[in-house]
file structure.txt (compact mmCIF, C-alpha atoms and all ligand atoms)
# COMPACT_ATOMS: atom_id res chain seq x y z
CA MET A 255 -2.61 13.69 -44.79
CA LYS A 256 -2.42 13.55 -41.00
CA TYR A 257 0.57 12.29 -39.08
CA ILE A 258 1.52 11.08 -35.68
CA TYR A 259 4.49 13.23 -34.73
CA ILE A 260 7.15 11.88 -32.43
CA GLN A 261 8.84 14.75 -30.67
CA PRO A 262 12.19 13.90 -29.09
CA ILE A 263 13.15 16.23 -26.29
CA CYS A 264 16.91 16.56 -25.90
CA GLU A 265 18.86 13.43 -26.75
CA VAL A 266 16.88 10.34 -27.73
CA GLY A 267 18.56 7.56 -29.69
CA GLU A 268 17.68 7.51 -33.41
CA GLU A 269 17.41 3.76 -33.43
CA LEU A 270 14.80 3.85 -30.70
CA LEU A 271 12.82 6.55 -32.52
CA GLY A 272 12.96 4.57 -35.76
CA TYR A 273 11.64 1.52 -33.94
CA LEU A 274 8.72 3.54 -32.53
CA VAL A 275 7.89 4.91 -35.98
CA ILE A 276 7.58 1.47 -37.54
CA LYS A 277 5.59 -0.03 -34.68
CA LEU A 278 3.24 2.91 -34.13
CA GLU A 279 2.45 3.18 -37.84
CA GLY A 280 1.44 -0.47 -37.79
CA ILE A 281 -0.70 -0.14 -34.68
CA TYR A 282 -2.45 3.18 -35.23
CA GLY A 283 -2.53 3.29 -39.02
CA TYR A 284 -1.18 6.82 -39.32
CA PRO A 285 2.17 7.62 -40.89
CA CYS A 286 4.68 8.76 -38.25
CA ARG A 287 7.16 11.58 -38.49
CA ILE A 288 10.01 12.48 -36.19
CA ALA A 289 10.07 16.19 -35.36
CA PRO A 290 13.40 17.98 -34.84
CA PRO A 291 14.55 17.68 -31.21
CA PHE A 292 13.30 20.24 -28.76
CA ARG A 293 14.87 21.49 -25.54
CA VAL A 294 13.17 20.58 -22.33
CA PRO A 295 11.31 23.74 -21.18
CA GLU A 296 13.15 25.17 -18.18
CA SER A 297 9.88 26.19 -16.54
CA SER A 298 9.01 22.50 -16.16
CA TYR A 299 11.96 21.81 -13.85
CA SER A 300 11.39 21.45 -10.12
CA ALA A 301 14.61 21.90 -8.14
CA ASP A 302 12.96 20.50 -4.99
CA ARG A 303 12.22 17.23 -6.70
CA ASP A 304 14.98 17.26 -9.30
CA GLN A 305 12.29 16.18 -11.77
CA TYR A 306 10.34 17.74 -14.62
CA ASN A 307 6.62 18.52 -14.60
CA ALA A 308 5.06 16.47 -17.40
CA GLU A 309 1.99 18.71 -17.64
CA ILE A 310 4.06 21.81 -18.29
CA ILE A 311 6.15 20.11 -20.97
CA VAL A 312 3.05 18.87 -22.80
CA GLU A 313 1.44 22.30 -22.58
CA LYS A 314 4.52 23.97 -24.10
CA ILE A 315 4.87 21.41 -26.87
CA MET A 316 1.20 21.65 -27.82
CA GLU A 317 1.74 25.31 -28.67
CA LYS A 318 4.07 24.11 -31.40
CA MET A 319 1.94 21.22 -32.63
CA PRO A 320 2.24 21.00 -36.44
CA ILE A 321 -0.99 21.67 -38.36
CA ASN A 322 -0.87 18.26 -40.00
CA ALA A 323 -0.43 16.44 -36.69
CA GLU A 324 -3.20 14.06 -35.71
CA LYS A 325 -1.34 13.25 -32.50
CA LEU A 326 1.93 14.25 -30.92
CA LEU A 327 4.06 12.01 -28.75
CA CYS A 328 6.96 13.55 -26.81
CA VAL A 329 9.80 11.31 -25.76
CA VAL A 330 12.06 12.59 -22.98
CA ASP A 331 14.96 11.11 -21.10
CA VAL A 332 14.40 13.06 -17.90
CA ASP A 333 12.37 11.92 -14.90
CA LEU A 334 8.78 13.21 -14.92
CA PHE A 335 6.24 13.99 -12.23
CA VAL A 336 2.77 15.46 -11.95
CA PRO A 337 1.89 17.43 -8.82
CA ASP A 338 0.06 14.59 -7.02
CA LEU A 339 2.43 11.75 -7.87
CA ASN A 340 6.05 10.92 -7.07
CA PHE A 341 6.71 10.14 -10.71
CA VAL A 342 4.94 9.20 -13.93
CA PHE A 343 6.03 6.99 -16.81
CA GLY A 344 3.94 9.15 -19.08
CA LEU A 345 0.93 11.37 -19.49
CA ALA A 346 -1.68 12.19 -22.12
CA ALA A 347 -3.58 15.44 -22.56
CA GLY A 348 -5.89 15.99 -25.51
CA ASN A 349 -4.07 15.06 -28.69
CA ALA A 350 -0.64 15.11 -27.10
CA ALA A 351 1.19 12.66 -24.90
CA ILE A 352 4.57 12.30 -23.28
CA ILE A 353 6.64 9.35 -22.14
CA SER A 354 9.82 9.28 -20.09
CA LEU A 355 12.64 6.83 -20.69
CA ALA A 356 14.25 7.56 -17.32
CA ARG A 357 12.67 4.67 -15.38
CA LEU A 358 12.42 2.12 -18.18
CA ARG A 359 16.02 0.90 -18.17
CA PRO A 360 16.77 -2.09 -15.94
CA GLU A 361 19.95 -0.26 -14.80
CA TYR A 362 17.76 2.32 -13.07
CA TYR A 363 16.83 -0.43 -10.60
CA GLY A 364 20.35 -1.79 -10.31
CA GLU A 365 19.62 -4.62 -12.75
CA LYS A 366 21.61 -5.75 -15.76
CA GLU A 367 21.40 -3.68 -18.92
CA ASN A 368 18.87 -5.08 -21.39
CA GLU A 369 18.38 -3.11 -24.59
CA TYR A 370 15.56 -5.38 -25.82
CA LEU A 371 13.56 -5.00 -22.61
CA PHE A 372 14.14 -1.25 -22.58
CA ARG A 373 12.87 -0.94 -26.16
CA GLU A 374 9.78 -3.04 -25.44
CA ARG A 375 8.94 -0.99 -22.38
CA THR A 376 9.33 2.22 -24.36
CA LEU A 377 7.00 0.93 -27.06
CA LYS A 378 4.41 -0.15 -24.51
CA GLU A 379 4.41 3.24 -22.81
CA ALA A 380 4.13 4.94 -26.21
CA ILE A 381 1.17 2.79 -27.31
CA HIS A 382 -0.52 3.27 -23.94
CA GLU A 383 -0.26 7.07 -23.83
CA LEU A 384 -1.25 7.42 -27.49
CA GLY A 385 -4.19 5.12 -26.73
CA HIS A 386 -5.47 7.80 -24.35
CA THR A 387 -5.18 10.43 -27.08
CA PHE A 388 -7.37 8.15 -29.24
CA GLY A 389 -9.98 8.21 -26.47
CA LEU A 390 -9.23 4.95 -24.67
CA HIS A 391 -9.47 4.76 -20.89
CA HIS A 392 -7.72 2.43 -18.48
CA CYS A 393 -8.65 -1.21 -18.89
CA HIS A 394 -9.18 -3.87 -16.19
CA ASP A 395 -7.50 -6.58 -18.23
CA ILE A 396 -3.93 -6.79 -16.88
CA ARG A 397 -2.71 -8.15 -20.23
CA CYS A 398 -4.12 -5.23 -22.17
CA ILE A 399 -1.83 -2.36 -23.10
CA MET A 400 -4.41 0.07 -21.69
CA HIS A 401 -4.06 -1.39 -18.20
CA PHE A 402 -2.63 1.20 -15.82
CA SER A 403 1.05 0.72 -14.95
CA ASN A 404 1.74 1.60 -11.39
CA ARG A 405 5.03 -0.25 -11.40
CA LEU A 406 7.26 -1.55 -14.13
CA GLU A 407 6.10 -5.09 -13.33
CA ASP A 408 2.68 -4.05 -14.62
CA THR A 409 4.26 -2.81 -17.83
CA ASP A 410 6.22 -6.03 -18.29
CA ILE A 411 3.15 -8.25 -17.87
CA LYS A 412 0.92 -6.45 -20.32
CA GLY A 413 0.65 -5.91 -24.09
CA PRO A 414 1.90 -4.58 -26.43
CA GLY A 415 -1.55 -5.52 -27.81
CA PHE A 416 -5.04 -4.31 -26.97
CA CYS A 417 -7.67 -6.58 -25.44
CA GLU A 418 -10.74 -7.27 -27.61
CA VAL A 419 -12.80 -4.51 -26.05
CA CYS A 420 -10.15 -1.82 -26.45
CA SER A 421 -9.22 -2.94 -29.92
CA ALA A 422 -12.89 -2.74 -31.02
CA ARG A 423 -13.05 0.79 -29.60
CA ILE A 424 -9.99 1.84 -31.59
CA ARG A 425 -11.38 0.33 -34.79
CA ARG A 426 -14.69 2.16 -34.47
CA LYS A 427 -12.96 5.53 -34.67
ZN ZN A 501 -2.85 5.51 -18.72
ZN ZN A 502 -8.29 -3.32 -22.83

call {"tool": "encode", "arguments": {"input": "structure.txt", "output": "structure tokens"}}
result
Amino acid sequence: MKYIYIQPICEVGEELLGYLVIKLEGIYGYPCRIAPPFRVPESSYSADRDQYNAEIIVEKIMEKMPINAEKLLCVVDVDLFVPDLNFVFGLAAGNAAIISLARLRPEYYGEKENEYLFRERTLKEAIHELGHTFGLHHCHDIRCIMHFSNRLEDTDIKGPGFCEVCSARIRRK
């Protein structure tokens, strides 16, 4: 039996993780397991940016990927970057992916707290990054979950579903 592992890094709310488990099982058809929390690798921290390098975190976590993991999704609550970008909501590399919660809360932008919106955004980012690990590329359809999110507005417009083309690609696997 193969699983999708959800790997919380530092503190991530249990309720949120439970929500991801139920939704991701339904969407990807693999049972999901929550791995014990992991500390954010210190080598991923950039003092200049006060952010964490998503590529380094994923690399470190992949070394510990369980044998029965089909995919691994890291969830962190620190702000992420990759060398060429100011920030990223998430990243996928091979069978592993990472998403950051840091910029998904309305409060981050000085807006009113909204737990429902935060949860939906988290789910969308999770589906999107896992979609890459299942071989999907970015999609032109702005309503499709595989559309690239440059800004949170893009995330709010799309998904959580796949367009017909992407959903057929997932099914063929
Ligand atoms: Zn993407
Ligand atoms: Zn699509």

call {"tool": "closest_residue", "arguments": {"input": "structure.txt", "among": "A:Ile310, A:Leu390, A:Ala301, A:Ile411", "to": "ligand ZN 502 (chain A)", "atoms": "all atoms listed in the file"}}
result
A:Leu390

call {"tool": "atom_distance", "arguments": {"input": "structure.txt", "atom1": "CA of Gln305 (chain A)", "atom2": "CA of Asn340 (chain A)"}}
result
9.4 Å

call {"tool": "residues_near_point", "arguments": {"input": "structure.txt", "point": "(-6.3, 0.6, -22.0)", "cutoff": "10 Å", "atoms": "all atoms listed in the file", "output": "PyMOL selection string"}}
result
chain A and resi 381-383+385-386+389-402+413+415-417+419-421

call {"tool": "atom_distance", "arguments": {"input": "structure.txt", "atom1": "CA of Lys325 (chain A)", "atom2": "CA of Asn349 (chain A)"}}
result
5.0 Å

call {"tool": "atom_distance", "arguments": {"input": "structure.txt", "atom1": "CA of Gly344 (chain A)", "atom2": "CA of Met255 (chain A)"}}
result
26.9 Å
